[in-house]
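The next block is final.cif, given as mmCIF, N, CA and C atoms.
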data_model
#
loop_
_atom_site.label_atom_id
_atom_site.label_comp_id
_atom_site.auth_asym_id
_atom_site.auth_seq_id
_atom_site.Cartn_x
_atom_site.Cartn_y
_atom_site.Cartn_z
N MET A 128 113.15 92.66 117.96
CA MET A 128 113.84 92.12 116.82
C MET A 128 115.25 91.77 117.29
N ASN A 129 115.54 90.48 117.29
CA ASN A 129 116.86 90.03 117.74
C ASN A 129 117.23 90.63 119.09
N GLY A 130 116.25 90.67 120.00
CA GLY A 130 116.48 91.16 121.36
C GLY A 130 116.32 92.66 121.53
N ARG A 131 115.99 93.37 120.47
CA ARG A 131 115.85 94.83 120.53
C ARG A 131 114.38 95.21 120.33
N PRO A 132 113.83 96.07 121.19
CA PRO A 132 112.45 96.51 120.97
C PRO A 132 112.37 97.46 119.77
N VAL A 133 111.42 97.21 118.89
CA VAL A 133 111.22 98.05 117.71
C VAL A 133 109.73 98.21 117.45
N ARG A 134 109.40 99.23 116.68
CA ARG A 134 108.05 99.40 116.14
C ARG A 134 108.22 99.40 114.63
N ASP A 135 107.37 98.65 113.96
CA ASP A 135 107.53 98.53 112.53
C ASP A 135 106.15 98.45 111.88
N LYS A 136 105.93 99.23 110.83
CA LYS A 136 104.64 99.23 110.13
C LYS A 136 104.33 97.88 109.52
N LEU A 137 105.34 97.22 108.98
CA LEU A 137 105.12 95.92 108.37
C LEU A 137 104.66 94.91 109.42
N LEU A 138 105.30 94.90 110.58
CA LEU A 138 104.92 93.97 111.64
C LEU A 138 103.54 94.30 112.20
N THR A 139 103.24 95.59 112.33
CA THR A 139 101.91 95.99 112.80
C THR A 139 100.84 95.54 111.82
N GLY A 140 101.09 95.72 110.53
CA GLY A 140 100.14 95.27 109.51
C GLY A 140 99.98 93.77 109.49
N ALA A 141 101.07 93.06 109.68
CA ALA A 141 101.01 91.59 109.71
C ALA A 141 100.22 91.12 110.93
N LEU A 142 100.38 91.78 112.05
CA LEU A 142 99.62 91.45 113.26
C LEU A 142 98.13 91.66 113.01
N ARG A 143 97.78 92.78 112.42
CA ARG A 143 96.36 93.04 112.11
C ARG A 143 95.82 92.00 111.14
N ALA A 144 96.59 91.66 110.11
CA ALA A 144 96.14 90.67 109.12
C ALA A 144 95.95 89.30 109.76
N GLY A 145 96.85 88.93 110.66
CA GLY A 145 96.75 87.63 111.31
C GLY A 145 95.52 87.49 112.18
N TYR A 146 95.08 88.60 112.78
CA TYR A 146 93.91 88.60 113.65
C TYR A 146 92.63 89.05 112.94
N MET A 147 92.73 89.51 111.70
CA MET A 147 91.62 90.13 110.99
C MET A 147 90.34 89.31 111.03
N ASP A 148 90.43 88.02 110.84
CA ASP A 148 89.23 87.18 110.75
C ASP A 148 88.72 86.68 112.09
N VAL A 149 89.38 87.03 113.19
CA VAL A 149 88.92 86.54 114.49
C VAL A 149 88.49 87.66 115.43
N LEU A 150 88.82 88.90 115.12
CA LEU A 150 88.42 90.02 115.96
C LEU A 150 87.17 90.68 115.39
N ALA A 151 86.32 91.15 116.28
CA ALA A 151 85.13 91.89 115.86
C ALA A 151 85.56 93.23 115.27
N GLY A 152 84.72 93.77 114.42
CA GLY A 152 85.01 95.06 113.82
C GLY A 152 85.26 96.13 114.87
N GLY A 153 86.23 96.98 114.63
CA GLY A 153 86.56 98.04 115.58
C GLY A 153 87.49 97.61 116.70
N ARG A 154 87.84 96.34 116.75
CA ARG A 154 88.77 95.83 117.78
C ARG A 154 90.16 95.74 117.17
N HIS A 155 91.17 95.90 118.01
CA HIS A 155 92.55 95.89 117.53
C HIS A 155 93.39 94.94 118.38
N PRO A 156 94.25 94.16 117.76
CA PRO A 156 95.08 93.22 118.53
C PRO A 156 96.20 93.96 119.27
N ALA A 157 96.56 93.42 120.39
CA ALA A 157 97.72 93.90 121.14
C ALA A 157 98.64 92.71 121.35
N ALA A 158 99.91 92.88 121.06
CA ALA A 158 100.82 91.74 121.18
C ALA A 158 102.25 92.22 121.32
N VAL A 159 103.05 91.35 121.83
CA VAL A 159 104.50 91.52 121.83
C VAL A 159 105.04 90.33 121.06
N LEU A 160 105.74 90.60 119.99
CA LEU A 160 106.32 89.54 119.17
C LEU A 160 107.81 89.45 119.45
N PHE A 161 108.29 88.29 119.73
CA PHE A 161 109.72 88.06 119.90
C PHE A 161 110.21 87.40 118.61
N ILE A 162 110.92 88.16 117.80
CA ILE A 162 111.37 87.69 116.50
C ILE A 162 112.89 87.63 116.46
N THR A 163 113.40 86.50 116.05
CA THR A 163 114.83 86.33 115.86
C THR A 163 115.06 85.98 114.40
N CYS A 164 115.95 86.70 113.76
CA CYS A 164 116.25 86.39 112.36
C CYS A 164 117.71 86.71 112.07
N ASP A 165 118.16 86.25 110.94
CA ASP A 165 119.51 86.52 110.48
C ASP A 165 119.71 88.03 110.41
N PRO A 166 120.69 88.58 111.09
CA PRO A 166 120.91 90.04 111.08
C PRO A 166 121.11 90.61 109.68
N HIS A 167 121.54 89.80 108.73
CA HIS A 167 121.70 90.28 107.36
C HIS A 167 120.37 90.47 106.64
N GLN A 168 119.29 89.94 107.22
CA GLN A 168 117.97 90.04 106.60
C GLN A 168 117.17 91.25 107.07
N VAL A 169 117.74 92.02 107.98
CA VAL A 169 117.03 93.18 108.52
C VAL A 169 118.00 94.34 108.70
N ASP A 170 117.56 95.53 108.29
CA ASP A 170 118.37 96.74 108.42
C ASP A 170 117.89 97.51 109.64
N VAL A 171 118.72 97.63 110.65
CA VAL A 171 118.34 98.35 111.87
C VAL A 171 118.79 99.80 111.84
N ASN A 172 119.41 100.22 110.78
CA ASN A 172 119.92 101.59 110.68
C ASN A 172 118.95 102.54 110.00
N VAL A 173 117.67 102.26 110.07
CA VAL A 173 116.64 103.09 109.46
C VAL A 173 116.37 104.31 110.33
N HIS A 174 116.48 104.17 111.62
CA HIS A 174 116.13 105.21 112.59
C HIS A 174 117.33 105.45 113.50
N PRO A 175 117.63 106.71 113.85
CA PRO A 175 118.80 106.98 114.71
C PRO A 175 118.80 106.21 116.03
N ALA A 176 117.62 106.00 116.62
CA ALA A 176 117.54 105.28 117.89
C ALA A 176 117.38 103.78 117.69
N LYS A 177 117.48 103.33 116.44
CA LYS A 177 117.33 101.91 116.10
C LYS A 177 115.95 101.38 116.51
N ALA A 178 114.94 102.27 116.50
CA ALA A 178 113.59 101.90 116.91
C ALA A 178 112.76 101.38 115.74
N GLU A 179 113.26 101.49 114.52
CA GLU A 179 112.57 100.99 113.34
C GLU A 179 113.50 100.06 112.58
N VAL A 180 112.91 99.15 111.84
CA VAL A 180 113.70 98.21 111.04
C VAL A 180 113.15 98.17 109.63
N ARG A 181 113.94 97.63 108.72
CA ARG A 181 113.50 97.41 107.35
C ARG A 181 113.97 96.00 106.96
N PHE A 182 113.02 95.19 106.54
CA PHE A 182 113.35 93.82 106.14
C PHE A 182 113.85 93.81 104.71
N ARG A 183 114.85 92.99 104.44
CA ARG A 183 115.37 92.86 103.08
C ARG A 183 114.32 92.22 102.15
N GLU A 184 113.51 91.31 102.71
CA GLU A 184 112.44 90.65 101.96
C GLU A 184 111.13 90.82 102.73
N PRO A 185 110.53 92.01 102.63
CA PRO A 185 109.35 92.31 103.46
C PRO A 185 108.16 91.39 103.23
N ASP A 186 107.93 90.94 102.00
CA ASP A 186 106.79 90.06 101.74
C ASP A 186 106.93 88.73 102.46
N ILE A 187 108.14 88.22 102.50
CA ILE A 187 108.38 86.95 103.21
C ILE A 187 108.21 87.14 104.71
N ALA A 188 108.75 88.22 105.26
CA ALA A 188 108.63 88.49 106.69
C ALA A 188 107.15 88.63 107.08
N ARG A 189 106.39 89.40 106.30
CA ARG A 189 104.97 89.60 106.59
C ARG A 189 104.23 88.27 106.52
N GLY A 190 104.47 87.51 105.48
CA GLY A 190 103.80 86.23 105.32
C GLY A 190 104.08 85.27 106.47
N LEU A 191 105.31 85.24 106.93
CA LEU A 191 105.66 84.37 108.05
C LEU A 191 104.92 84.76 109.32
N VAL A 192 104.85 86.06 109.59
CA VAL A 192 104.15 86.52 110.80
C VAL A 192 102.67 86.20 110.71
N VAL A 193 102.04 86.51 109.58
CA VAL A 193 100.61 86.26 109.41
C VAL A 193 100.31 84.76 109.55
N SER A 194 101.05 83.92 108.83
CA SER A 194 100.77 82.48 108.88
C SER A 194 101.05 81.89 110.26
N THR A 195 102.09 82.36 110.93
CA THR A 195 102.39 81.87 112.28
C THR A 195 101.29 82.25 113.26
N LEU A 196 100.80 83.48 113.18
CA LEU A 196 99.70 83.90 114.06
C LEU A 196 98.44 83.08 113.81
N ARG A 197 98.09 82.92 112.55
CA ARG A 197 96.88 82.16 112.23
C ARG A 197 97.00 80.71 112.68
N HIS A 198 98.17 80.13 112.51
CA HIS A 198 98.40 78.75 112.96
C HIS A 198 98.29 78.65 114.48
N ALA A 199 98.88 79.61 115.19
CA ALA A 199 98.82 79.60 116.66
C ALA A 199 97.38 79.78 117.14
N LEU A 200 96.63 80.67 116.52
CA LEU A 200 95.23 80.87 116.91
C LEU A 200 94.41 79.61 116.66
N ALA A 201 94.60 78.99 115.50
CA ALA A 201 93.88 77.76 115.18
C ALA A 201 94.23 76.66 116.17
N GLY A 202 95.48 76.60 116.58
CA GLY A 202 95.91 75.60 117.55
C GLY A 202 95.26 75.77 118.91
N ARG A 203 94.77 76.97 119.18
CA ARG A 203 94.08 77.26 120.43
C ARG A 203 92.56 77.19 120.26
N GLY A 204 92.13 76.74 119.07
CA GLY A 204 90.70 76.62 118.81
C GLY A 204 90.02 77.92 118.44
N ILE A 205 90.79 78.94 118.13
CA ILE A 205 90.22 80.23 117.73
C ILE A 205 90.10 80.22 116.22
N VAL A 206 88.88 80.18 115.75
CA VAL A 206 88.64 80.03 114.31
C VAL A 206 88.10 81.34 113.74
N PRO A 207 88.30 81.55 112.44
CA PRO A 207 87.78 82.76 111.81
C PRO A 207 86.28 82.87 111.95
N ARG A 208 85.80 84.08 112.16
CA ARG A 208 84.35 84.30 112.25
C ARG A 208 83.79 84.34 110.84
N PRO A 209 82.54 83.93 110.68
CA PRO A 209 81.94 83.96 109.34
C PRO A 209 81.83 85.40 108.83
N ARG A 210 82.05 85.55 107.56
CA ARG A 210 81.93 86.88 106.95
C ARG A 210 80.51 87.05 106.40
N ALA A 211 80.04 88.28 106.47
CA ALA A 211 78.72 88.57 105.93
C ALA A 211 78.76 88.48 104.41
N ALA A 212 77.69 88.02 103.82
CA ALA A 212 77.61 87.93 102.36
C ALA A 212 77.59 89.33 101.75
N ARG A 213 78.28 89.49 100.66
CA ARG A 213 78.32 90.78 99.99
C ARG A 213 77.12 90.92 99.06
N ARG A 214 76.60 92.12 98.98
CA ARG A 214 75.51 92.41 98.06
C ARG A 214 76.06 93.22 96.90
N PHE A 215 75.68 92.84 95.72
CA PHE A 215 76.16 93.56 94.53
C PHE A 215 75.04 94.33 93.89
#
Encoded form using structure tokens:
Amino acid sequence: MNGRPVRDKLLTGALRAGYMDVLAGGRHPAAVLFITCDPHQVDVNVHPAKAEVRFREPDIARGLVVSTLRHALAGRGIVPRPRAARRF
């Protein structure tokens, strides 16, 4: 985040959501995201070692990561796998 390594639940969830439709069940994505944003939009004082962040607008941040990942995957020809039909 802005040149600092962090771990964040929101970013991890967004990564999983972005890959959800292309990975087989039981598989997990691994990635390094380089994110630059306005420092006023993220609070780095959540953790003493500055290893966690909190976004001022978490829904927007999550949506941007998910949509960017999906767009990048589609651009590489990686398309969502078909979902099994649900039985009611």
- Message: Taking the file as I've supplied it (selection: the PyMOL selection byres (((chain A and resi 129 and name CA) around 9) and name CA)), which residues are included? Please answer as a PyMOL selection string.
- Response: chain A and resi 128+130-132+161-166
- Task: May I have the residues within 8 Å of Ala144 in chain A as number ranges by chain, using only N, CA and C atoms and disregarding those fewer than 6 positions away in the same chain?
- Result: A: 138, 192-194, 196-197
- Message: Taking the file as I've supplied it (selection: the PyMOL selection byres (((chain A and resi 183 and name CA) around 12) and name CA)), which residues are included? Please answer as a list of chain:residue names.
- Response: A:Leu137, A:Cys164, A:Asp165, A:Pro166, A:His167, A:Gln168, A:Val169, A:Asp170, A:Val171, A:Val180, A:Arg181, A:Phe182, A:Glu184, A:Pro185, A:Asp186, A:Ile187, A:Ala188, A:Arg189
Determine the residue set returned by the PyMOL selection byres ((chain A and resi 134) around 5) for the present structure, and present it as an mmCIF file with N, CA and C atoms, keeping the file's coordinate frame.
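Generated file (out10.cif):
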data_model
loop_
_atom_site.group_PDB
_atom_site.id
_atom_site.type_symbol
_atom_site.label_atom_id
_atom_site.label_comp_id
_atom_site.auth_asym_id
_atom_site.auth_seq_id
_atom_site.Cartn_x
_atom_site.Cartn_y
_atom_site.Cartn_z
ATOM 1 N N PRO A 132 113.830 96.070 121.190
ATOM 2 C CA PRO A 132 112.450 96.510 120.970
ATOM 3 C C PRO A 132 112.370 97.460 119.770
ATOM 4 N N VAL A 133 111.420 97.210 118.890
ATOM 5 C CA VAL A 133 111.220 98.050 117.710
ATOM 6 C C VAL A 133 109.730 98.210 117.450
ATOM 7 N N ASP A 135 107.370 98.650 113.960
ATOM 8 C CA ASP A 135 107.530 98.530 112.530
ATOM 9 C C ASP A 135 106.150 98.450 111.880
ATOM 10 N N LYS A 136 105.930 99.230 110.830
ATOM 11 C CA LYS A 136 104.640 99.230 110.130
ATOM 12 C C LYS A 136 104.330 97.880 109.520
ATOM 13 N N ALA A 178 114.940 102.270 116.500
ATOM 14 C CA ALA A 178 113.590 101.900 116.910
ATOM 15 C C ALA A 178 112.760 101.380 115.740
ATOM 16 N N GLU A 179 113.260 101.490 114.520
ATOM 17 C CA GLU A 179 112.570 100.990 113.340
ATOM 18 C C GLU A 179 113.500 100.060 112.580
#
- Message: As an exercise, work out the distance from CA of Gly202 in chain A to CA of Gly153 in chain A in Å and give it to one decimal place.
- Response: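 These two atoms are separated by 24.4 Å.
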- Message: So that I can check the secondary structure, give me every residue of range 145-206 of chain A assigned alpha helix (DSSP H) by backbone DSSP, as a count of residues only.
- Response: 20
